[in-house]
>>> print(open('my_file.cif').read())   # mmCIF, C-alpha atoms and all ligand atoms
data_input
loop_
_atom_site.label_atom_id
_atom_site.label_comp_id
_atom_site.auth_asym_id
_atom_site.auth_seq_id
_atom_site.Cartn_x
_atom_site.Cartn_y
_atom_site.Cartn_z
CA MET B 1 1.48 -7.21 -1.46
CA PRO B 2 2.38 -3.53 -1.37
CA GLU B 3 0.87 -1.70 1.59
CA LEU B 4 0.96 1.97 2.59
CA PRO B 5 4.75 2.14 3.16
CA GLU B 6 5.52 0.50 -0.17
CA VAL B 7 3.12 2.73 -2.13
CA GLU B 8 4.39 5.81 -0.29
CA THR B 9 7.95 4.83 -1.19
CA VAL B 10 6.94 4.52 -4.85
CA ARG B 11 5.20 7.90 -4.65
CA ARG B 12 8.22 9.64 -3.16
CA ARG B 13 10.53 8.23 -5.82
CA LEU B 14 8.19 9.02 -8.73
CA GLU B 15 7.16 12.51 -7.65
CA PRO B 16 10.41 14.27 -8.69
CA VAL B 17 10.63 12.46 -12.04
CA LEU B 18 6.95 12.72 -13.03
CA VAL B 19 5.76 16.16 -11.92
CA GLY B 20 5.81 18.55 -14.88
CA ARG B 21 6.34 15.70 -17.40
CA ARG B 22 3.94 14.96 -20.23
CA PHE B 23 2.77 11.46 -21.10
CA ASP B 24 3.94 11.31 -24.75
CA ARG B 25 3.32 7.71 -25.82
CA VAL B 26 1.21 5.32 -23.80
CA GLU B 27 0.95 1.59 -24.49
CA ILE B 28 -1.21 -0.72 -22.41
CA PHE B 29 -0.72 -4.38 -23.30
CA ASP B 30 -3.06 -6.04 -20.82
CA PRO B 31 -6.84 -5.50 -21.00
CA ARG B 32 -7.17 -6.61 -17.35
CA LEU B 33 -5.33 -3.47 -16.26
CA THR B 34 -8.08 -1.10 -17.39
CA ARG B 35 -11.10 -3.44 -17.38
CA PRO B 36 -13.92 -2.78 -18.17
CA GLU B 37 -12.45 0.09 -20.23
CA ASP B 38 -10.71 -0.67 -23.52
CA PRO B 39 -6.92 -0.41 -22.95
CA LEU B 40 -6.42 1.22 -26.35
CA GLU B 41 -8.91 3.92 -25.49
CA VAL B 42 -7.42 4.55 -22.06
CA ALA B 43 -3.93 4.74 -23.58
CA ALA B 44 -5.15 7.26 -26.16
CA GLU B 45 -6.83 9.33 -23.46
CA LEU B 46 -3.67 9.37 -21.32
CA ALA B 47 -1.41 10.50 -24.16
CA GLY B 48 -0.79 14.24 -23.91
CA GLU B 49 -1.66 14.54 -20.22
CA ARG B 50 0.83 16.51 -18.11
CA VAL B 51 1.47 15.48 -14.50
CA GLU B 52 0.67 18.06 -11.86
CA ALA B 53 1.09 15.98 -8.69
CA VAL B 54 1.80 12.45 -7.51
CA GLU B 55 -0.15 11.64 -4.37
CA ARG B 56 -1.21 8.60 -2.37
CA ARG B 57 -4.48 7.61 -0.76
CA GLY B 58 -4.44 4.30 1.15
CA LYS B 59 -2.76 1.84 -1.19
CA TYR B 60 -3.65 3.86 -4.30
CA LEU B 61 -1.08 5.87 -6.19
CA VAL B 62 -2.87 9.02 -7.36
CA VAL B 63 -1.41 10.74 -10.44
CA ARG B 64 -3.08 14.13 -10.93
CA PHE B 65 -2.92 15.79 -14.31
CA GLU B 66 -3.10 19.51 -15.14
CA SER B 67 -6.33 18.77 -17.05
CA GLY B 68 -8.05 17.85 -13.77
CA ARG B 69 -8.13 14.17 -14.65
CA THR B 70 -6.56 11.61 -12.32
CA LEU B 71 -4.97 8.22 -12.89
CA LEU B 72 -5.61 5.87 -9.96
CA VAL B 73 -3.08 3.03 -9.85
CA HIS B 74 -3.54 0.07 -7.51
CA LEU B 75 -0.64 -2.39 -7.46
CA ARG B 76 -2.66 -5.16 -5.73
CA MET B 77 -0.53 -8.32 -5.32
CA THR B 78 2.47 -7.96 -7.58
CA GLY B 79 2.30 -4.68 -9.52
CA SER B 80 5.34 -2.42 -9.66
CA LEU B 81 6.30 0.82 -11.37
CA LEU B 82 9.79 1.41 -12.70
CA HIS B 83 11.27 4.62 -14.03
CA VAL B 84 13.88 3.81 -16.67
CA GLY B 85 16.06 5.60 -19.20
CA GLU B 86 15.68 2.82 -21.73
CA LEU B 87 13.57 -0.32 -21.92
CA ASP B 88 15.80 -3.33 -21.58
CA GLY B 89 14.89 -6.45 -23.54
CA ASP B 90 11.67 -8.39 -23.46
CA ASP B 91 9.81 -8.63 -20.21
CA PRO B 92 6.77 -10.96 -20.34
CA HIS B 93 5.31 -9.23 -17.27
CA ARG B 94 5.44 -5.73 -18.72
CA ARG B 95 1.80 -4.56 -18.87
CA ALA B 96 2.13 -0.89 -19.80
CA VAL B 97 4.76 1.64 -20.85
CA VAL B 98 4.45 5.41 -20.64
CA GLY B 99 6.99 7.35 -22.69
CA LEU B 100 7.61 10.73 -21.05
CA ASP B 101 8.51 13.97 -22.83
CA ASP B 102 12.07 13.88 -21.42
CA GLY B 103 12.79 10.59 -23.18
CA THR B 104 12.52 8.41 -20.07
CA SER B 105 9.81 5.81 -19.51
CA LEU B 106 7.51 4.68 -16.77
CA VAL B 107 7.08 0.91 -16.92
CA TYR B 108 4.31 -1.01 -15.20
CA ARG B 109 4.99 -4.70 -14.61
CA ASP B 110 2.72 -7.19 -12.88
CA VAL B 111 3.20 -10.96 -12.61
CA ARG B 112 -0.21 -11.92 -11.19
CA ARG B 113 -2.10 -9.21 -13.11
CA PHE B 114 -4.45 -8.07 -10.36
CA GLY B 115 -3.30 -4.43 -10.54
CA THR B 116 -5.60 -1.75 -11.95
CA TRP B 117 -5.36 1.59 -13.74
CA LEU B 118 -8.44 3.79 -13.60
CA LEU B 119 -8.54 7.11 -15.43
CA ALA B 120 -10.97 9.36 -13.56
CA GLU B 121 -12.50 12.48 -15.08
CA PRO B 122 -12.24 15.80 -13.18
CA GLY B 123 -14.12 15.60 -9.90
CA GLU B 124 -14.50 11.81 -9.96
CA ALA B 125 -11.39 10.65 -8.11
CA GLY B 126 -12.20 12.13 -4.70
CA PRO B 127 -15.66 10.56 -4.35
CA TYR B 128 -14.35 7.25 -5.77
CA LEU B 129 -11.61 7.05 -3.16
CA ASP B 130 -13.70 8.35 -0.26
CA ALA B 131 -16.33 5.67 -0.94
CA ARG B 132 -13.68 2.95 -0.55
CA LEU B 133 -11.24 4.27 2.01
CA GLY B 134 -11.34 5.34 5.64
CA ARG B 135 -8.86 7.53 7.45
CA GLU B 136 -5.20 7.93 6.60
CA PRO B 137 -3.26 6.62 9.60
CA LEU B 138 -0.30 8.95 9.05
CA ALA B 139 -2.39 12.11 8.58
CA GLN B 140 -2.11 14.73 11.30
CA ALA B 141 -5.85 14.61 11.81
CA PHE B 142 -5.67 10.90 12.64
CA THR B 143 -5.71 10.98 16.44
CA THR B 144 -6.30 8.25 19.03
CA ARG B 145 -9.90 9.50 19.15
CA ARG B 146 -10.31 8.95 15.41
CA LEU B 147 -8.93 5.44 15.79
CA ALA B 148 -11.34 4.80 18.67
CA GLU B 149 -14.24 5.94 16.48
CA ALA B 150 -13.15 3.59 13.71
CA LEU B 151 -13.10 0.62 16.08
CA ALA B 152 -16.04 1.50 18.35
CA GLY B 153 -18.70 -1.18 18.70
CA ARG B 154 -16.86 -3.68 16.50
CA ARG B 155 -16.92 -7.26 17.71
CA ALA B 156 -14.56 -8.37 14.94
CA PRO B 157 -10.95 -9.17 15.92
CA VAL B 158 -8.86 -6.03 16.06
CA LYS B 159 -6.68 -7.39 13.28
CA ALA B 160 -9.69 -7.62 10.95
CA ALA B 161 -10.82 -4.14 11.95
CA ILE B 162 -7.51 -2.47 11.15
CA LEU B 163 -7.29 -4.35 7.84
CA ASP B 164 -10.70 -2.97 6.81
CA GLN B 165 -9.78 -0.32 4.22
CA ARG B 166 -13.07 1.49 4.75
CA ARG B 167 -12.06 2.20 8.35
CA LEU B 168 -8.33 2.64 8.04
CA ALA B 169 -6.64 3.15 4.68
CA GLY B 170 -3.41 1.46 3.70
CA VAL B 171 -2.77 -1.11 6.44
CA GLY B 172 -2.32 -4.67 5.14
CA ASN B 173 -1.34 -8.01 6.64
CA ILE B 174 2.30 -7.19 7.37
CA TYR B 175 1.92 -3.83 9.05
CA ALA B 176 -1.19 -4.93 10.96
CA ASP B 177 0.82 -7.69 12.68
CA GLU B 178 3.75 -5.35 13.27
CA ALA B 179 1.52 -2.64 14.77
CA LEU B 180 -0.28 -5.06 17.09
CA TRP B 181 3.05 -6.41 18.38
CA ARG B 182 4.26 -2.88 19.04
CA ALA B 183 0.99 -2.15 20.88
CA ARG B 184 1.17 -5.46 22.84
CA ILE B 185 -2.36 -6.35 21.73
CA HIS B 186 -3.42 -9.87 20.73
CA PRO B 187 -4.72 -9.91 17.12
CA GLN B 188 -7.92 -11.76 18.13
CA ARG B 189 -9.04 -9.15 20.69
CA PRO B 190 -12.49 -7.78 19.79
CA ALA B 191 -11.81 -4.33 18.33
CA GLY B 192 -14.53 -2.57 20.27
CA GLU B 193 -13.27 -3.83 23.63
CA LEU B 194 -9.91 -2.09 23.63
CA GLY B 195 -9.36 0.26 26.57
CA GLU B 196 -8.06 3.83 26.44
CA ASP B 197 -4.45 2.83 27.03
CA GLU B 198 -4.63 0.10 24.43
CA LEU B 199 -6.10 2.46 21.85
CA ARG B 200 -3.28 4.90 22.52
CA ALA B 201 -0.74 2.10 22.18
CA LEU B 202 -2.33 0.88 18.95
CA HIS B 203 -2.36 4.39 17.51
CA ARG B 204 1.34 4.72 18.31
CA GLY B 205 2.05 1.21 17.08
CA LEU B 206 0.34 1.75 13.74
CA ARG B 207 2.24 4.93 13.04
CA ALA B 208 5.56 3.51 14.23
CA ALA B 209 5.20 0.35 12.13
CA LEU B 210 4.19 2.30 8.99
CA ASN B 211 6.92 4.90 9.46
CA ALA B 212 9.52 2.19 9.98
CA GLY B 213 8.42 0.66 6.68
CA ILE B 214 8.68 3.98 4.83
CA ALA B 215 12.11 4.69 6.35
CA ARG B 216 13.36 1.37 4.93
CA GLN B 217 11.75 1.86 1.47
CA GLY B 218 9.16 -0.82 2.16
CA ALA B 219 9.45 -4.58 2.39
CA THR B 220 10.50 -6.72 -0.58
CA LEU B 221 9.15 -10.25 -0.08
CA ARG B 222 8.59 -11.17 -3.72
CA ASP B 223 7.84 -8.68 -6.45
CA TYR B 224 7.84 -5.29 -4.80
CA ARG B 225 10.54 -2.99 -6.17
CA THR B 226 11.26 0.68 -5.77
CA PRO B 227 10.98 2.65 -9.05
CA ASP B 228 14.75 2.42 -9.61
CA GLY B 229 14.54 -1.38 -9.45
CA GLY B 230 15.92 -1.66 -5.91
CA SER B 231 14.56 -3.66 -2.99
CA GLY B 232 13.08 -2.41 0.24
CA ARG B 233 14.84 -3.34 3.49
CA MET B 234 11.92 -3.61 5.92
CA GLN B 235 11.74 -7.41 5.56
CA HIS B 236 14.98 -7.64 7.59
CA GLU B 237 13.41 -5.79 10.52
CA PHE B 238 10.06 -7.44 11.06
CA LYS B 239 9.24 -7.93 14.74
CA VAL B 240 6.76 -10.76 14.16
CA TYR B 241 5.67 -11.06 10.52
CA GLY B 242 6.93 -14.36 9.05
CA ARG B 243 9.05 -15.06 12.19
CA GLU B 244 7.24 -18.14 13.56
CA GLY B 245 9.44 -19.96 16.11
CA GLU B 246 11.97 -17.12 16.37
CA PRO B 247 12.35 -15.34 19.72
CA CYS B 248 10.30 -12.25 20.49
CA GLU B 249 12.72 -9.33 20.64
CA ARG B 250 10.97 -8.08 23.81
CA CYS B 251 10.50 -11.22 25.91
CA GLY B 252 12.34 -14.06 24.17
CA ARG B 253 9.33 -16.36 23.81
CA PRO B 254 8.94 -17.92 20.34
CA ILE B 255 6.69 -16.04 17.95
CA GLU B 256 3.58 -18.02 17.05
CA LYS B 257 1.50 -18.16 13.90
CA THR B 258 -2.27 -18.35 13.83
CA ARG B 259 -5.08 -17.22 11.56
CA ALA B 260 -7.01 -14.01 12.12
CA ALA B 261 -9.26 -12.19 9.68
CA GLY B 262 -8.66 -15.14 7.33
CA ARG B 263 -4.98 -14.28 7.08
CA GLY B 264 -1.75 -15.79 8.35
CA THR B 265 -1.05 -13.87 11.56
CA TRP B 266 2.12 -13.72 13.67
CA PHE B 267 2.20 -12.59 17.29
CA CYS B 268 3.98 -13.08 20.60
CA PRO B 269 1.82 -15.26 22.90
CA SER B 270 3.51 -13.83 25.96
CA CYS B 271 3.56 -10.07 25.55
CA GLN B 272 0.53 -9.48 23.34
CA SER B 273 -2.35 -9.41 25.79
CA ALA B 274 -5.44 -11.45 25.04
CA GLY B 275 -7.35 -9.16 27.44
ZN ZN O 1 7.08 -11.16 23.54
#
>>> encode(input="my_file.cif", output="structure tokens", more="lines below")
Ligand SMILES: [Zn+2]
Amino acid sequence: MPELPEVETVRRRLEPVLVGRRFDRVEIFDPRLTRPEDPLEVAAELAGERVEAVERRGKYLVVRFESGRTLLVHLRMTGSLLHVGELDGDDPHRRAVVGLDDGTSLVYRDVRRFGTWLLAEPGEAGPYLDARLGREPLAQAFTTRRLAEALAGRRAPVKAAILDQRRLAGVGNIYADEALWRARIHPQRPAGELGEDELRALHRGLRAALNAGIARQGATLRDYRTPDGGSGRMQHEFKVYGREGEPCERCGRPIEKTRAAGRGTWFCPSCQSAG
């Protein structure tokens, strides 16, 4: 599912084509997208809005309008946004289409239909997001100390702690495993027991893993696409994720798979310290 690097890639591609554009015609075909709001009502409310900024918070794409309203898009498992000149043919997974005032369209497609669109009134988006999301790991203000605060006193495995969106926003299963490998920390280590050096390494590892993902336009495993329909390239450069049995690039031992935080988890049993 799209994580911070994938959503940031979408944001960067959409920003130049959406900012300044007006939503002319809006069609929402799937009531699950806007639930519990009526999709016809949300579509009618969105029509006429002009985009002021395209931002990201955690895994949310945040479309700010000049009116002060905000559209919060969460892609969940399989949502994707495409920017197209013309709609091509029938697509059974097309859930919404926004016709822009330059004649192009923004298409939302979603196979599993877990994605959400929430139209927030002025002043509502900030509190909504802050209630659900912790710190942004790529923000300048996110220091090793801030990471230490987020993990302090937690007996949960470090993998579970960094997946917790209320502590750290945007990290999902892929980039958690990649960051822990980079930091040489075993995913089952209790989060609150990490030492100073380990916290520094994890801070570096998180940023390096996320930045590597952004630099390669994200990872396309199944449905994720960039807004021009292309694939990300990060899946070719995973250090551990999905690489069970393949040699660790650092020490040569085979990567192992286990479960942590209820999720499939890949790690190197030799160079990721169990403490
Ligand atoms: Zn290794």
>>> residues_near_ligand(input="my_file.cif", ligand="ligand ZN 1 (chain O)", cutoff="8 Å", atoms="only C-alpha atoms and all ligand atoms", output="count of residues only")
14
>>> atom_distance(input="my_file.cif", atom1="CA of Glu178 (chain B)", atom2="CA of Gly262 (chain B)")
16.9 Å
>>> axis_aligned_box(input="my_file.cif", around="region 183-189 of chain B", padding_each_side="5 Å", output="JSON")
{"center_x": -3.9, "center_y": -7.0, "center_z": 20.0, "size_x": 20.2, "size_y": 19.6, "size_z": 15.7}
>>> closest_residue(input="my_file.cif", among="B:Arg207, B:Arg21, B:Lys159, B:Arg167", to="Leu4 (chain B)", atoms="all atoms listed in the file")
B:Arg207
>>> residues_around(input="my_file.cif", residues="Arg13 (chain B)", least_positions_apart="2", cutoff="12 Å", atoms="all atoms listed in the file", output="NGL selection string")
:B and (6-11 or 15-19 or 54-55 or 61 or 81-83 or 106 or 214 or 217 or 225-230)
>>> atom_distance(input="my_file.cif", atom1="CA of Arg69 (chain B)", atom2="CA of Leu40 (chain B)")
17.5 Å
>>> closest_residue(input="my_file.cif", among="B:Ser273, B:Thr78, B:Thr258, B:Thr144", to="Trp181 (chain B)", atoms="only C-alpha atoms")
B:Ser273
>>> closest_residue(input="my_file.cif", among="B:Pro137, B:Gly264, B:Pro157, B:Gly126", to="Asn211 (chain B)", atoms="all atoms listed in the file")
B:Pro137
